[in-house]
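start_26.txt (compact mmCIF, N, CA and C atoms)
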```txt
# COMPACT_ATOMS: atom_id res chain seq x y z
N MET Y 1 41.85 -33.90 -17.18
CA MET Y 1 41.18 -35.18 -17.29
C MET Y 1 40.93 -35.49 -18.77
N LYS Y 2 41.33 -36.64 -19.20
CA LYS Y 2 41.14 -37.09 -20.58
C LYS Y 2 39.80 -37.81 -20.68
N ARG Y 3 38.92 -37.28 -21.53
CA ARG Y 3 37.60 -37.88 -21.72
C ARG Y 3 37.59 -38.73 -22.99
N ASP Y 4 36.85 -39.81 -22.96
CA ASP Y 4 36.78 -40.74 -24.09
C ASP Y 4 35.69 -40.29 -25.06
N TYR Y 5 35.99 -39.26 -25.84
CA TYR Y 5 35.03 -38.74 -26.80
C TYR Y 5 34.82 -39.69 -27.98
N ASP Y 6 35.81 -40.49 -28.31
CA ASP Y 6 35.66 -41.41 -29.44
C ASP Y 6 34.54 -42.43 -29.19
N SER Y 7 34.49 -42.99 -27.99
CA SER Y 7 33.43 -43.97 -27.71
C SER Y 7 32.06 -43.29 -27.66
N VAL Y 8 32.00 -42.05 -27.19
CA VAL Y 8 30.74 -41.31 -27.17
C VAL Y 8 30.30 -41.00 -28.61
N TYR Y 9 31.25 -40.64 -29.45
CA TYR Y 9 30.93 -40.40 -30.86
C TYR Y 9 30.32 -41.67 -31.48
N GLN Y 10 30.94 -42.80 -31.25
CA GLN Y 10 30.44 -44.06 -31.81
C GLN Y 10 29.05 -44.39 -31.27
N GLN Y 11 28.85 -44.17 -29.97
CA GLN Y 11 27.55 -44.43 -29.36
C GLN Y 11 26.47 -43.53 -29.99
N LEU Y 12 26.79 -42.25 -30.13
CA LEU Y 12 25.82 -41.31 -30.70
C LEU Y 12 25.57 -41.57 -32.17
N ALA Y 13 26.60 -41.92 -32.91
CA ALA Y 13 26.41 -42.23 -34.33
C ALA Y 13 25.42 -43.39 -34.50
N ALA Y 14 25.54 -44.40 -33.67
CA ALA Y 14 24.62 -45.54 -33.74
C ALA Y 14 23.23 -45.15 -33.27
N LEU Y 15 23.15 -44.40 -32.18
CA LEU Y 15 21.87 -43.98 -31.61
C LEU Y 15 21.09 -43.08 -32.57
N LEU Y 16 21.79 -42.20 -33.27
CA LEU Y 16 21.13 -41.21 -34.13
C LEU Y 16 20.95 -41.68 -35.57
N GLU Y 17 21.45 -42.86 -35.89
CA GLU Y 17 21.35 -43.35 -37.26
C GLU Y 17 19.89 -43.35 -37.72
N GLY Y 18 19.64 -42.68 -38.84
CA GLY Y 18 18.31 -42.64 -39.42
C GLY Y 18 17.41 -41.55 -38.87
N GLU Y 19 17.80 -40.91 -37.78
CA GLU Y 19 16.97 -39.84 -37.20
C GLU Y 19 17.31 -38.52 -37.88
N THR Y 20 16.30 -37.85 -38.41
CA THR Y 20 16.53 -36.61 -39.15
C THR Y 20 16.12 -35.35 -38.39
N ASP Y 21 15.32 -35.48 -37.35
CA ASP Y 21 14.85 -34.29 -36.63
C ASP Y 21 15.99 -33.69 -35.81
N PRO Y 22 16.35 -32.42 -36.06
CA PRO Y 22 17.50 -31.84 -35.36
C PRO Y 22 17.29 -31.67 -33.86
N VAL Y 23 16.07 -31.42 -33.42
CA VAL Y 23 15.82 -31.25 -31.99
C VAL Y 23 15.97 -32.60 -31.27
N VAL Y 24 15.49 -33.65 -31.87
CA VAL Y 24 15.65 -34.99 -31.30
C VAL Y 24 17.14 -35.33 -31.22
N ARG Y 25 17.89 -35.03 -32.26
CA ARG Y 25 19.32 -35.32 -32.28
C ARG Y 25 20.04 -34.54 -31.17
N MET Y 26 19.67 -33.27 -30.99
CA MET Y 26 20.27 -32.46 -29.92
C MET Y 26 19.90 -33.02 -28.55
N ALA Y 27 18.65 -33.41 -28.37
CA ALA Y 27 18.20 -33.93 -27.08
C ALA Y 27 18.98 -35.19 -26.70
N GLU Y 28 19.11 -36.10 -27.63
CA GLU Y 28 19.85 -37.33 -27.35
C GLU Y 28 21.32 -37.04 -27.07
N MET Y 29 21.90 -36.13 -27.84
CA MET Y 29 23.31 -35.79 -27.66
C MET Y 29 23.53 -35.16 -26.28
N ALA Y 30 22.67 -34.24 -25.89
CA ALA Y 30 22.79 -33.61 -24.57
C ALA Y 30 22.69 -34.67 -23.46
N ALA Y 31 21.74 -35.59 -23.59
CA ALA Y 31 21.56 -36.62 -22.57
C ALA Y 31 22.78 -37.52 -22.45
N VAL Y 32 23.31 -37.96 -23.58
CA VAL Y 32 24.47 -38.86 -23.55
C VAL Y 32 25.69 -38.15 -22.97
N LEU Y 33 25.99 -36.96 -23.45
CA LEU Y 33 27.15 -36.23 -22.93
C LEU Y 33 27.02 -35.96 -21.44
N HIS Y 34 25.84 -35.52 -21.03
CA HIS Y 34 25.60 -35.17 -19.63
C HIS Y 34 25.77 -36.38 -18.71
N GLU Y 35 25.18 -37.49 -19.12
CA GLU Y 35 25.26 -38.69 -18.29
C GLU Y 35 26.65 -39.30 -18.30
N ARG Y 36 27.26 -39.34 -19.46
CA ARG Y 36 28.55 -40.01 -19.61
C ARG Y 36 29.67 -39.30 -18.84
N PHE Y 37 29.63 -37.95 -18.86
CA PHE Y 37 30.73 -37.20 -18.25
C PHE Y 37 30.33 -36.46 -16.98
N ASP Y 38 29.08 -36.60 -16.56
CA ASP Y 38 28.62 -35.99 -15.31
C ASP Y 38 28.87 -34.48 -15.27
N PHE Y 39 28.53 -33.81 -16.38
CA PHE Y 39 28.68 -32.36 -16.44
C PHE Y 39 27.59 -31.69 -15.59
N TRP Y 40 27.80 -30.43 -15.21
CA TRP Y 40 26.82 -29.67 -14.43
C TRP Y 40 25.63 -29.28 -15.32
N TRP Y 41 25.91 -28.79 -16.52
CA TRP Y 41 24.86 -28.39 -17.47
C TRP Y 41 25.36 -28.71 -18.87
N THR Y 42 24.49 -29.31 -19.66
CA THR Y 42 24.84 -29.72 -21.01
C THR Y 42 23.66 -29.41 -21.91
N GLY Y 43 23.84 -28.56 -22.90
CA GLY Y 43 22.70 -28.28 -23.76
C GLY Y 43 23.04 -27.44 -24.97
N PHE Y 44 21.99 -27.08 -25.66
CA PHE Y 44 22.10 -26.37 -26.92
C PHE Y 44 21.33 -25.07 -26.89
N TYR Y 45 21.87 -24.12 -27.62
CA TYR Y 45 21.16 -22.88 -27.96
C TYR Y 45 21.11 -22.82 -29.47
N ARG Y 46 19.91 -22.56 -30.01
CA ARG Y 46 19.70 -22.54 -31.46
C ARG Y 46 19.58 -21.11 -31.96
N VAL Y 47 20.18 -20.82 -33.09
CA VAL Y 47 20.05 -19.50 -33.72
C VAL Y 47 18.63 -19.41 -34.27
N THR Y 48 17.88 -18.43 -33.77
CA THR Y 48 16.48 -18.27 -34.18
C THR Y 48 16.17 -16.80 -34.42
N PRO Y 49 15.16 -16.53 -35.27
CA PRO Y 49 14.78 -15.13 -35.50
C PRO Y 49 14.11 -14.53 -34.28
N ARG Y 50 14.34 -13.24 -34.08
CA ARG Y 50 13.67 -12.49 -33.01
C ARG Y 50 12.43 -11.83 -33.60
N PRO Y 51 11.35 -11.74 -32.86
CA PRO Y 51 10.13 -11.11 -33.38
C PRO Y 51 10.36 -9.68 -33.87
N GLU Y 52 11.24 -8.97 -33.21
CA GLU Y 52 11.51 -7.58 -33.57
C GLU Y 52 12.59 -7.43 -34.64
N GLY Y 53 13.08 -8.54 -35.15
CA GLY Y 53 14.11 -8.52 -36.18
C GLY Y 53 15.44 -9.02 -35.66
N GLY Y 54 16.26 -9.47 -36.55
CA GLY Y 54 17.56 -10.02 -36.18
C GLY Y 54 17.43 -11.45 -35.69
N THR Y 55 18.51 -11.94 -35.11
CA THR Y 55 18.52 -13.31 -34.59
C THR Y 55 19.12 -13.31 -33.20
N GLU Y 56 18.90 -14.41 -32.49
CA GLU Y 56 19.44 -14.61 -31.15
C GLU Y 56 19.63 -16.10 -30.94
N LEU Y 57 20.29 -16.44 -29.85
CA LEU Y 57 20.36 -17.84 -29.44
C LEU Y 57 19.18 -18.10 -28.51
N LEU Y 58 18.42 -19.15 -28.83
CA LEU Y 58 17.26 -19.54 -28.03
C LEU Y 58 17.53 -20.91 -27.43
N LEU Y 59 17.22 -21.07 -26.16
CA LEU Y 59 17.44 -22.32 -25.46
C LEU Y 59 16.84 -23.49 -26.21
N GLY Y 60 17.62 -24.54 -26.34
CA GLY Y 60 17.18 -25.78 -26.97
C GLY Y 60 17.23 -26.92 -25.96
N PRO Y 61 17.30 -28.15 -26.44
CA PRO Y 61 17.35 -29.30 -25.54
C PRO Y 61 18.56 -29.22 -24.61
N PHE Y 62 18.33 -29.58 -23.34
CA PHE Y 62 19.42 -29.54 -22.37
C PHE Y 62 19.17 -30.51 -21.23
N GLN Y 63 20.23 -30.74 -20.46
CA GLN Y 63 20.20 -31.53 -19.23
C GLN Y 63 20.84 -30.67 -18.14
N GLY Y 64 20.20 -30.61 -16.98
CA GLY Y 64 20.73 -29.82 -15.87
C GLY Y 64 19.70 -28.85 -15.34
N PRO Y 65 20.15 -27.92 -14.49
CA PRO Y 65 19.21 -26.96 -13.90
C PRO Y 65 18.69 -25.96 -14.94
N VAL Y 66 17.68 -25.17 -14.53
CA VAL Y 66 17.12 -24.18 -15.44
C VAL Y 66 18.21 -23.29 -16.00
N ALA Y 67 17.93 -22.70 -17.17
CA ALA Y 67 18.97 -21.98 -17.89
C ALA Y 67 18.42 -20.66 -18.43
N CYS Y 68 19.33 -19.82 -18.89
CA CYS Y 68 18.95 -18.62 -19.61
C CYS Y 68 18.21 -19.05 -20.88
N ILE Y 69 17.22 -18.28 -21.27
CA ILE Y 69 16.41 -18.65 -22.43
C ILE Y 69 16.90 -17.95 -23.69
N HIS Y 70 17.21 -16.67 -23.61
CA HIS Y 70 17.62 -15.88 -24.77
C HIS Y 70 19.04 -15.36 -24.56
N ILE Y 71 19.88 -15.49 -25.58
CA ILE Y 71 21.24 -14.95 -25.53
C ILE Y 71 21.47 -14.15 -26.81
N PRO Y 72 21.82 -12.87 -26.67
CA PRO Y 72 22.07 -12.04 -27.86
C PRO Y 72 23.36 -12.42 -28.57
N TYR Y 73 23.42 -12.08 -29.84
CA TYR Y 73 24.62 -12.27 -30.65
C TYR Y 73 25.81 -11.57 -30.00
N ALA Y 74 26.93 -12.27 -29.92
CA ALA Y 74 28.20 -11.76 -29.41
C ALA Y 74 28.18 -11.44 -27.91
N LYS Y 75 27.17 -11.93 -27.17
CA LYS Y 75 27.11 -11.70 -25.72
C LYS Y 75 27.35 -13.01 -24.98
N GLY Y 76 28.06 -12.92 -23.86
CA GLY Y 76 28.37 -14.11 -23.09
C GLY Y 76 29.27 -15.06 -23.87
N VAL Y 77 29.54 -16.20 -23.30
CA VAL Y 77 30.41 -17.18 -23.95
C VAL Y 77 29.71 -17.76 -25.19
N CYS Y 78 28.42 -18.09 -25.06
CA CYS Y 78 27.69 -18.68 -26.19
C CYS Y 78 27.60 -17.72 -27.37
N GLY Y 79 27.20 -16.48 -27.10
CA GLY Y 79 27.08 -15.50 -28.17
C GLY Y 79 28.42 -15.16 -28.80
N THR Y 80 29.48 -15.20 -28.00
CA THR Y 80 30.82 -14.93 -28.51
C THR Y 80 31.30 -16.07 -29.41
N ALA Y 81 31.05 -17.31 -29.02
CA ALA Y 81 31.42 -18.45 -29.86
C ALA Y 81 30.66 -18.38 -31.19
N TRP Y 82 29.40 -17.98 -31.14
CA TRP Y 82 28.60 -17.81 -32.35
C TRP Y 82 29.22 -16.75 -33.25
N ALA Y 83 29.54 -15.60 -32.66
CA ALA Y 83 30.10 -14.48 -33.44
C ALA Y 83 31.47 -14.82 -34.02
N ARG Y 84 32.29 -15.51 -33.25
CA ARG Y 84 33.66 -15.83 -33.70
C ARG Y 84 33.73 -17.07 -34.58
N HIS Y 85 32.66 -17.86 -34.63
CA HIS Y 85 32.67 -19.13 -35.37
C HIS Y 85 33.78 -20.04 -34.85
N LYS Y 86 33.93 -20.06 -33.54
CA LYS Y 86 35.06 -20.78 -32.95
C LYS Y 86 34.69 -21.32 -31.58
N THR Y 87 35.20 -22.51 -31.26
CA THR Y 87 35.01 -23.09 -29.93
C THR Y 87 35.76 -22.25 -28.91
N ILE Y 88 35.10 -22.01 -27.78
CA ILE Y 88 35.70 -21.21 -26.72
C ILE Y 88 35.76 -22.04 -25.44
N VAL Y 89 36.94 -22.11 -24.84
CA VAL Y 89 37.17 -22.79 -23.57
C VAL Y 89 37.39 -21.70 -22.52
N VAL Y 90 36.60 -21.74 -21.44
CA VAL Y 90 36.71 -20.74 -20.39
C VAL Y 90 37.02 -21.45 -19.07
N PRO Y 91 38.28 -21.37 -18.60
CA PRO Y 91 38.65 -22.05 -17.36
C PRO Y 91 37.98 -21.47 -16.11
N ASP Y 92 37.69 -20.15 -16.14
CA ASP Y 92 37.06 -19.47 -15.01
C ASP Y 92 36.07 -18.44 -15.57
N VAL Y 93 34.78 -18.73 -15.46
CA VAL Y 93 33.78 -17.85 -16.06
C VAL Y 93 33.81 -16.44 -15.46
N GLU Y 94 34.30 -16.31 -14.23
CA GLU Y 94 34.39 -14.99 -13.60
C GLU Y 94 35.38 -14.08 -14.33
N GLN Y 95 36.30 -14.69 -15.08
CA GLN Y 95 37.32 -13.93 -15.79
C GLN Y 95 36.94 -13.65 -17.24
N PHE Y 96 35.77 -14.13 -17.69
CA PHE Y 96 35.35 -13.91 -19.07
C PHE Y 96 34.56 -12.62 -19.16
N PRO Y 97 35.04 -11.62 -19.89
CA PRO Y 97 34.33 -10.33 -19.98
C PRO Y 97 32.93 -10.52 -20.57
N GLY Y 98 31.92 -10.05 -19.86
CA GLY Y 98 30.55 -10.13 -20.33
C GLY Y 98 29.89 -11.47 -20.11
N HIS Y 99 30.47 -12.31 -19.26
CA HIS Y 99 29.87 -13.62 -18.98
C HIS Y 99 28.44 -13.44 -18.49
N ILE Y 100 27.53 -14.26 -19.01
CA ILE Y 100 26.13 -14.25 -18.58
C ILE Y 100 25.98 -15.35 -17.55
N ALA Y 101 25.71 -14.98 -16.31
CA ALA Y 101 25.63 -15.96 -15.22
C ALA Y 101 24.21 -16.51 -15.12
N CYS Y 102 23.97 -17.61 -15.81
CA CYS Y 102 22.67 -18.28 -15.70
C CYS Y 102 22.58 -19.02 -14.37
N SER Y 103 23.72 -19.45 -13.84
CA SER Y 103 23.78 -20.12 -12.55
C SER Y 103 25.08 -19.74 -11.86
N ALA Y 104 24.98 -19.35 -10.61
CA ALA Y 104 26.18 -19.01 -9.84
C ALA Y 104 27.05 -20.23 -9.58
N ALA Y 105 26.50 -21.44 -9.76
CA ALA Y 105 27.26 -22.66 -9.52
C ALA Y 105 28.22 -22.98 -10.66
N SER Y 106 27.99 -22.41 -11.83
CA SER Y 106 28.86 -22.68 -12.97
C SER Y 106 30.19 -21.97 -12.78
N ARG Y 107 31.30 -22.71 -12.94
CA ARG Y 107 32.63 -22.14 -12.71
C ARG Y 107 33.48 -22.13 -13.97
N SER Y 108 33.28 -23.12 -14.86
CA SER Y 108 34.02 -23.15 -16.13
C SER Y 108 33.08 -23.65 -17.22
N GLU Y 109 33.49 -23.41 -18.48
CA GLU Y 109 32.56 -23.64 -19.58
C GLU Y 109 33.31 -23.89 -20.88
N ILE Y 110 32.66 -24.64 -21.77
CA ILE Y 110 33.14 -24.80 -23.13
C ILE Y 110 31.92 -24.65 -24.05
N VAL Y 111 32.08 -23.90 -25.12
CA VAL Y 111 30.99 -23.69 -26.08
C VAL Y 111 31.51 -24.01 -27.48
N VAL Y 112 30.77 -24.90 -28.17
CA VAL Y 112 31.17 -25.38 -29.49
C VAL Y 112 30.11 -24.95 -30.51
N PRO Y 113 30.49 -24.14 -31.51
CA PRO Y 113 29.51 -23.77 -32.54
C PRO Y 113 29.20 -24.94 -33.46
N ILE Y 114 27.98 -24.94 -33.98
CA ILE Y 114 27.52 -25.97 -34.90
C ILE Y 114 27.21 -25.28 -36.22
N PHE Y 115 27.76 -25.81 -37.31
CA PHE Y 115 27.66 -25.17 -38.61
C PHE Y 115 26.76 -25.95 -39.55
N ASN Y 116 26.08 -25.22 -40.45
CA ASN Y 116 25.33 -25.89 -41.51
C ASN Y 116 26.25 -26.13 -42.70
N GLU Y 117 25.68 -26.63 -43.79
CA GLU Y 117 26.48 -27.01 -44.96
C GLU Y 117 27.15 -25.82 -45.65
N ILE Y 118 26.69 -24.59 -45.40
CA ILE Y 118 27.33 -23.42 -46.02
C ILE Y 118 28.21 -22.65 -45.04
N GLY Y 119 28.42 -23.22 -43.85
CA GLY Y 119 29.33 -22.63 -42.89
C GLY Y 119 28.74 -21.61 -41.94
N ALA Y 120 27.41 -21.47 -41.94
CA ALA Y 120 26.75 -20.56 -40.98
C ALA Y 120 26.53 -21.30 -39.67
N VAL Y 121 26.64 -20.57 -38.56
CA VAL Y 121 26.37 -21.16 -37.24
C VAL Y 121 24.85 -21.28 -37.08
N THR Y 122 24.40 -22.48 -36.76
CA THR Y 122 22.97 -22.73 -36.57
C THR Y 122 22.62 -22.96 -35.10
N ALA Y 123 23.63 -23.29 -34.30
CA ALA Y 123 23.42 -23.57 -32.87
C ALA Y 123 24.78 -23.62 -32.20
N VAL Y 124 24.76 -23.70 -30.87
CA VAL Y 124 25.99 -23.95 -30.12
C VAL Y 124 25.70 -25.01 -29.07
N LEU Y 125 26.71 -25.83 -28.80
CA LEU Y 125 26.69 -26.76 -27.67
C LEU Y 125 27.37 -26.05 -26.52
N ASP Y 126 26.69 -25.97 -25.39
CA ASP Y 126 27.21 -25.30 -24.20
C ASP Y 126 27.32 -26.32 -23.09
N ILE Y 127 28.51 -26.44 -22.50
CA ILE Y 127 28.71 -27.37 -21.38
C ILE Y 127 29.36 -26.59 -20.24
N ASP Y 128 28.76 -26.70 -19.06
CA ASP Y 128 29.25 -26.01 -17.87
C ASP Y 128 29.66 -27.02 -16.80
N SER Y 129 30.62 -26.61 -15.97
CA SER Y 129 31.07 -27.43 -14.85
C SER Y 129 31.06 -26.60 -13.57
N ARG Y 130 30.88 -27.27 -12.47
CA ARG Y 130 30.99 -26.60 -11.15
C ARG Y 130 32.45 -26.41 -10.75
N GLU Y 131 33.35 -27.06 -11.47
CA GLU Y 131 34.78 -27.00 -11.14
C GLU Y 131 35.50 -25.98 -12.03
N LEU Y 132 36.48 -25.29 -11.48
CA LEU Y 132 37.33 -24.42 -12.27
C LEU Y 132 38.17 -25.28 -13.22
N ALA Y 133 38.45 -24.75 -14.39
CA ALA Y 133 39.34 -25.38 -15.37
C ALA Y 133 38.97 -26.84 -15.66
N ALA Y 134 37.67 -27.10 -15.77
CA ALA Y 134 37.22 -28.47 -16.06
C ALA Y 134 37.42 -28.84 -17.52
N PHE Y 135 37.64 -27.84 -18.38
CA PHE Y 135 37.81 -28.07 -19.81
C PHE Y 135 39.13 -27.47 -20.27
N SER Y 136 39.67 -28.07 -21.33
CA SER Y 136 40.92 -27.56 -21.90
C SER Y 136 40.85 -27.71 -23.41
N ASP Y 137 41.91 -27.31 -24.07
CA ASP Y 137 41.97 -27.46 -25.52
C ASP Y 137 41.92 -28.94 -25.93
N ASP Y 138 42.22 -29.84 -25.00
CA ASP Y 138 42.13 -31.27 -25.29
C ASP Y 138 40.69 -31.71 -25.56
N ASP Y 139 39.71 -30.98 -25.03
CA ASP Y 139 38.30 -31.32 -25.23
C ASP Y 139 37.77 -30.86 -26.59
N VAL Y 140 38.42 -29.90 -27.20
CA VAL Y 140 37.90 -29.27 -28.42
C VAL Y 140 37.72 -30.26 -29.58
N PRO Y 141 38.74 -31.01 -29.99
CA PRO Y 141 38.55 -31.88 -31.16
C PRO Y 141 37.44 -32.93 -30.95
N GLY Y 142 37.37 -33.51 -29.77
CA GLY Y 142 36.36 -34.53 -29.52
C GLY Y 142 34.96 -33.98 -29.57
N LEU Y 143 34.74 -32.84 -28.96
CA LEU Y 143 33.39 -32.25 -28.97
C LEU Y 143 33.03 -31.72 -30.37
N GLU Y 144 34.01 -31.17 -31.07
CA GLU Y 144 33.73 -30.71 -32.44
C GLU Y 144 33.36 -31.88 -33.34
N LYS Y 145 34.00 -33.01 -33.14
CA LYS Y 145 33.66 -34.20 -33.94
C LYS Y 145 32.25 -34.67 -33.58
N ILE Y 146 31.92 -34.67 -32.30
CA ILE Y 146 30.59 -35.12 -31.86
C ILE Y 146 29.50 -34.23 -32.45
N VAL Y 147 29.67 -32.90 -32.39
CA VAL Y 147 28.60 -32.03 -32.92
C VAL Y 147 28.50 -32.11 -34.44
N SER Y 148 29.52 -32.64 -35.10
CA SER Y 148 29.42 -32.83 -36.54
C SER Y 148 28.33 -33.83 -36.91
N LEU Y 149 27.89 -34.63 -35.94
CA LEU Y 149 26.78 -35.56 -36.16
C LEU Y 149 25.45 -34.85 -36.32
N LEU Y 150 25.39 -33.59 -35.94
CA LEU Y 150 24.14 -32.84 -36.08
C LEU Y 150 23.98 -32.35 -37.50
```

What does this structure look like when you write it as structure tokens?
Amino acid sequence: MKRDYDSVYQQLAALLEGETDPVVRMAEMAAVLHERFDFWWTGFYRVTPRPEGGTELLLGPFQGPVACIHIPYAKGVCGTAWARHKTIVVPDVEQFPGHIACSAASRSEIVVPIFNEIGAVTAVLDIDSRELAAFSDDDVPGLEKIVSLL
């Protein structure tokens, strides 16, 4: 399925113009993507310090059912995208080694890392579908362009 990411990018660019708060920007982005494409779960995990040291992904703004709150570095699809600094498309989450099942209803997933000005990952966009193979490499450029607005 070909999604119209260009029109969503334009919509979000206009909606977010002048807004500097990153959590507000993530919340609006999650809402627009979720509503526009009717995804099962759409949201963000932010790289945050752990009280005991190190960092982890902590649940940020999202749309959809309840979610995992903490994700360790290099664990699951989100942690792996963070570690690899690369978007990951998973056609069948059951086939992804170490997949973290926040919901048994999730069947496929795409995770897009978000970078700061020096190239460090600061968050990831996580989108899940109830359908197998709901995402492909065709989705990567559009979603990477959209998260560049953050």

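Proximity of Y:Leu143, Y:Ala104, Y:Ala123, Y:Leu149 to Leu57 in chain Y, computed with only N, CA and C atoms, is greatest for Y:Ala123.
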
Using all atoms listed in the file, which residue out of Y:Val121, Y:Ser129, Y:Tyr9, Y:Glu56 lies closest to Ala74 in chain Y?
-> Y:Glu56

Picked from chain Y by DSSP as strand (DSSP E or B), as a PyMOL selection string = chain Y and resi 41-49+55-63+70-72+88-90+108-115+121-129

Using only C-alpha atoms, pick whichever of Y:Arg3, Y:Trp41, Y:Ala81, Y:Glu28 has the shortest atom-to-atom distance to Cys68 in chain Y.
-> Y:Trp41

Residue neighbourhood Gly43 in chain Y, 6 Å, all atoms listed in the file, exclusion window fewer than 3 positions, as a PyMOL selection string | chain Y and resi 30+60-63+124-127

Measure the distance from CA of Arg46 in chain Y to CA of Gln10 in chain Y in Å and round it to one decimal.
-> 24.1 Å

Grab all the atoms of range 27-43 of chain Y that the file lists, wrap them in a box along x, y and z, add 4 Å per side, and give me centre plus edge lengths in Å (one decimal) as AutoDock Vina command-line options.
```
--center_x 24.5 --center_y -33.7 --center_z -21.4 --size_x 20.5 --size_y 20.6 --size_z 21.9
```

Would you return as a PyMOL selection string the members of chain Y that DSSP assigns to helix (DSSP H, G or I) on this structure's backbone?
-> chain Y and resi 5-16+22-37+76-84+93-95+139-147

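The spacing separating atom N of Arg84 in chain Y from atom N of Glu35 in chain Y amounts to 27.1 Å.
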
Quick one: everything within 12 Å of Lys145 in chain Y, counting only C-alpha atoms, minus sequence neighbours fewer than 4 positions away in the same chain. Send it as number ranges by chain.
-> Y: 5-10, 12-13, 87, 112-115, 125, 139-141, 149-150

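Among Y:Glu117, Y:Glu94, Y:Glu109, Y:Asp21, the residue with the shortest atom-to-atom distance to Arg130 in chain Y, counting all atoms listed in the file, is Y:Glu109.
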
Since the input lacks some atoms of range 124-138 of chain Y, please model N, CA, C and O atoms and print them as a JSON list (two decimals), in the coordinates of the input.
```json
[["chain", "number", "residue", "atom", "x", "y", "z"],
["Y", 124, "VAL", "N", 24.76, -23.70, -30.87],
["Y", 124, "VAL", "CA", 25.99, -23.95, -30.12],
["Y", 124, "VAL", "C", 25.70, -25.01, -29.07],
["Y", 124, "VAL", "O", 24.58, -25.10, -28.54],
["Y", 125, "LEU", "N", 26.71, -25.83, -28.80],
["Y", 125, "LEU", "CA", 26.69, -26.76, -27.67],
["Y", 125, "LEU", "C", 27.37, -26.05, -26.52],
["Y", 125, "LEU", "O", 28.50, -25.57, -26.67],
["Y", 126, "ASP", "N", 26.69, -25.97, -25.39],
["Y", 126, "ASP", "CA", 27.21, -25.30, -24.20],
["Y", 126, "ASP", "C", 27.32, -26.32, -23.09],
["Y", 126, "ASP", "O", 26.34, -27.02, -22.78],
["Y", 127, "ILE", "N", 28.51, -26.44, -22.50],
["Y", 127, "ILE", "CA", 28.71, -27.37, -21.38],
["Y", 127, "ILE", "C", 29.36, -26.59, -20.24],
["Y", 127, "ILE", "O", 30.36, -25.91, -20.43],
["Y", 128, "ASP", "N", 28.76, -26.70, -19.06],
["Y", 128, "ASP", "CA", 29.25, -26.01, -17.87],
["Y", 128, "ASP", "C", 29.66, -27.02, -16.80],
["Y", 128, "ASP", "O", 29.09, -28.11, -16.72],
["Y", 129, "SER", "N", 30.62, -26.61, -15.97],
["Y", 129, "SER", "CA", 31.07, -27.43, -14.85],
["Y", 129, "SER", "C", 31.06, -26.60, -13.57],
["Y", 129, "SER", "O", 31.24, -25.38, -13.62],
["Y", 130, "ARG", "N", 30.88, -27.27, -12.47],
["Y", 130, "ARG", "CA", 30.99, -26.60, -11.15],
["Y", 130, "ARG", "C", 32.45, -26.41, -10.75],
["Y", 130, "ARG", "O", 32.73, -25.72, -9.78],
["Y", 131, "GLU", "N", 33.35, -27.06, -11.47],
["Y", 131, "GLU", "CA", 34.78, -27.00, -11.14],
["Y", 131, "GLU", "C", 35.50, -25.98, -12.03],
["Y", 131, "GLU", "O", 35.16, -25.84, -13.21],
["Y", 132, "LEU", "N", 36.48, -25.29, -11.48],
["Y", 132, "LEU", "CA", 37.33, -24.42, -12.27],
["Y", 132, "LEU", "C", 38.17, -25.28, -13.22],
["Y", 132, "LEU", "O", 38.57, -26.40, -12.88],
["Y", 133, "ALA", "N", 38.45, -24.75, -14.39],
["Y", 133, "ALA", "CA", 39.34, -25.38, -15.37],
["Y", 133, "ALA", "C", 38.97, -26.84, -15.66],
["Y", 133, "ALA", "O", 39.83, -27.69, -15.84],
["Y", 134, "ALA", "N", 37.67, -27.10, -15.77],
["Y", 134, "ALA", "CA", 37.22, -28.47, -16.06],
["Y", 134, "ALA", "C", 37.42, -28.84, -17.52],
["Y", 134, "ALA", "O", 37.39, -30.01, -17.87],
["Y", 135, "PHE", "N", 37.64, -27.84, -18.38],
["Y", 135, "PHE", "CA", 37.81, -28.07, -19.81],
["Y", 135, "PHE", "C", 39.13, -27.47, -20.27],
["Y", 135, "PHE", "O", 39.63, -26.51, -19.69],
["Y", 136, "SER", "N", 39.67, -28.07, -21.33],
["Y", 136, "SER", "CA", 40.92, -27.56, -21.90],
["Y", 136, "SER", "C", 40.85, -27.71, -23.41],
["Y", 136, "SER", "O", 39.87, -28.23, -23.96],
["Y", 137, "ASP", "N", 41.91, -27.31, -24.07],
["Y", 137, "ASP", "CA", 41.97, -27.46, -25.52],
["Y", 137, "ASP", "C", 41.92, -28.94, -25.93],
["Y", 137, "ASP", "O", 41.59, -29.25, -27.06],
["Y", 138, "ASP", "N", 42.22, -29.84, -25.00],
["Y", 138, "ASP", "CA", 42.13, -31.27, -25.29],
["Y", 138, "ASP", "C", 40.69, -31.71, -25.56],
["Y", 138, "ASP", "O", 40.46, -32.72, -26.24]]
```
